[in-house]
Amino acid sequence: MGALAGFFHAYAPMLWQGLGETCLMTFGALFCSYALGLPLGVLLTLTAPGGMHRRKRLHALLGAITDVGRSVPFLILMLALIPFTRLVAGTTIGPWAALVPLVAGAAPFVARLVESALAQVPPNLVESARAWGATPLQTAWRVLLPEAAPALVRGLAITGVTLTAYSAMAGAVGAGGLGDIAIRYGYHRYEYGVMMATLVLLILFVQLLQRGCALVARRMEERVR
């Protein structure tokens, strides 16, 4: 018991700081990724061959950009974006700098999740909106997105978990967060107590994120019914 108290006394401030940096990277990147990925996913849906605003070349271009972005492993993407990260953030280390590659890696992923969620909306709802004279953008805003909201929230959980894993990898190159603590103390210094503490915190963080999003999605579905 005394050893456990001593451990928390020695490492609790560092672990709390690491958790805060992980939250900053995850939720900051989540917000920015959806700010970019949501409109991109809507455009992919509208310009698809069976969409309301069919544009074959534009859809092919957007799809190619999205797929290329999803294909690059995150660690390689993070290293390739170092000059751009330095230009945007003024530095290449720390959680704020990590937001640049995190958003670049997650936004294409979000776009495909949004496209998949919108594809689940019953076609008759879209046809009804179009029959009433709604434009493609109005239909997307007032029909597609509200109807797909539960699926979008579940996609939010998937993206959040992915970004948490990405933030842990970013810790290997100076981004901070729990991943950085696990590598510096658990791997380089063989302090496995710190490694286990970071592991527990990451598991709890992911579980809370998943359960919170699942609860919100269920509430949305209940309101629709």
# chains A, B, ... in the order shown; residues from 1 in each chain; ligands from 1
call {"tool": "residues_around", "arguments": {"residues": "region 199-202 of chain A", "least_positions_apart": "2", "cutoff": "10 Å", "atoms": "only C-alpha atoms", "output": "list in words"}}
result
Leu15, Trp16, Gly18, Leu19, Thr22, Val161, Thr164, Ala165, Ala168, Leu178, Gly179, Ala182, Gly193, Val194, Met195, Met196, Ala197, Leu204, Phe205, Val206, Gln207 and Leu208 of chain A
call {"tool": "residues_around", "arguments": {"residues": "Ile93 (chain A)", "least_positions_apart": "6", "cutoff": "10 Å", "atoms": "only C-alpha atoms", "output": "compact mmCIF listing (two decimals) with C-alpha atoms, in the first residue's frame"}}
result
# COMPACT_ATOMS: atom_id res chain seq x y z
CA ILE A 82 7.27 18.06 -40.76
CA THR A 85 3.78 21.37 -39.47
CA ARG A 86 6.64 23.78 -38.74
CA ALA A 170 2.96 10.73 -32.16
CA GLY A 171 4.41 10.54 -28.67
CA VAL A 173 8.52 11.76 -31.93
CA GLY A 174 7.97 14.34 -29.22
CA ALA A 175 4.24 15.07 -29.34
CA GLY A 176 3.78 14.48 -25.64
call {"tool": "closest_residue", "arguments": {"among": "A:Ala172, A:Ala140, A:Leu30, A:Ala157", "to": "Leu75 (chain A)", "atoms": "only C-alpha atoms"}}
result
A:Ala172
call {"tool": "atom_distance", "arguments": {"atom1": "CA of Ser71 (chain A)", "atom2": "CA of Ala48 (chain A)"}}
result
20.9 Å
call {"tool": "atom_distance", "arguments": {"atom1": "CA of Val42 (chain A)", "atom2": "CA of Thr162 (chain A)"}}
result
21.4 Å
call {"tool": "atom_distance", "arguments": {"atom1": "CA of Tyr11 (chain A)", "atom2": "CA of Gly160 (chain A)"}}
result
26.0 Å
call {"tool": "select_by_dssp", "arguments": {"residues": "chain A", "states": "helix (DSSP H, G or I)", "output": "PyMOL selection string"}}
result
chain A and resi 2-46+56-71+74-80+82-89+95-119+123-131+136-147+149-173+177-187+192-224
call {"tool": "closest_residue", "arguments": {"among": "A:Leu62, A:Ala12, A:Ile181, A:Leu163", "to": "Ala111 (chain A)", "atoms": "only C-alpha atoms"}}
result
A:Leu62
call {"tool": "closest_residue", "arguments": {"among": "A:Val121, A:Leu144, A:Ala131, A:Ala106", "to": "Leu36 (chain A)", "atoms": "only C-alpha atoms"}}
result
A:Ala106
call {"tool": "residues_around", "arguments": {"residues": "Met220 (chain A)", "least_positions_apart": "5", "cutoff": "12 Å", "atoms": "only C-alpha atoms", "output": "number ranges by chain"}}
result
A: 146-154, 213-215, 225
call {"tool": "closest_residue", "arguments": {"among": "A:Arg218, A:His53, A:Arg211, A:Arg70", "to": "Arg112 (chain A)", "atoms": "only C-alpha atoms"}}
result
A:Arg70
call {"tool": "residues_around", "arguments": {"residues": "Phe109 (chain A)", "least_positions_apart": "5", "cutoff": "10 Å", "atoms": "only C-alpha atoms", "output": "PyMOL selection string"}}
result
chain A and resi 33-34+37+41+66-67+69-71+103-104+114+155+158-159+162
call {"tool": "write_last_selection", "arguments": {"atoms": "C-alpha atoms", "output": "PDB file, in the first residue's frame"}}
result
ATOM      1  CA  SER A  33     -11.140  16.462 -38.740  1.00  0.00           C
ATOM      2  CA  TYR A  34     -14.920  16.703 -38.779  1.00  0.00           C
ATOM      3  CA  GLY A  37     -14.155  15.592 -43.362  1.00  0.00           C
ATOM      4  CA  GLY A  41     -18.119  13.333 -47.170  1.00  0.00           C
ATOM      5  CA  THR A  66      -9.480  10.810 -49.905  1.00  0.00           C
ATOM      6  CA  ASP A  67      -8.150   7.354 -50.677  1.00  0.00           C
ATOM      7  CA  GLY A  69      -4.877  10.291 -47.606  1.00  0.00           C
ATOM      8  CA  ARG A  70      -6.191   7.110 -46.019  1.00  0.00           C
ATOM      9  CA  SER A  71      -3.476   4.954 -47.550  1.00  0.00           C
ATOM     10  CA  VAL A 103      -6.009  16.125 -38.728  1.00  0.00           C
ATOM     11  CA  ALA A 104      -4.362  15.317 -42.056  1.00  0.00           C
ATOM     12  CA  VAL A 114     -19.669  10.273 -43.411  1.00  0.00           C
ATOM     13  CA  GLY A 155     -18.388   7.133 -36.553  1.00  0.00           C
ATOM     14  CA  ILE A 158     -14.429   5.173 -34.197  1.00  0.00           C
ATOM     15  CA  THR A 159     -12.514   8.279 -35.223  1.00  0.00           C
ATOM     16  CA  THR A 162      -8.242   5.977 -34.005  1.00  0.00           C
TER      17      THR A 162
END
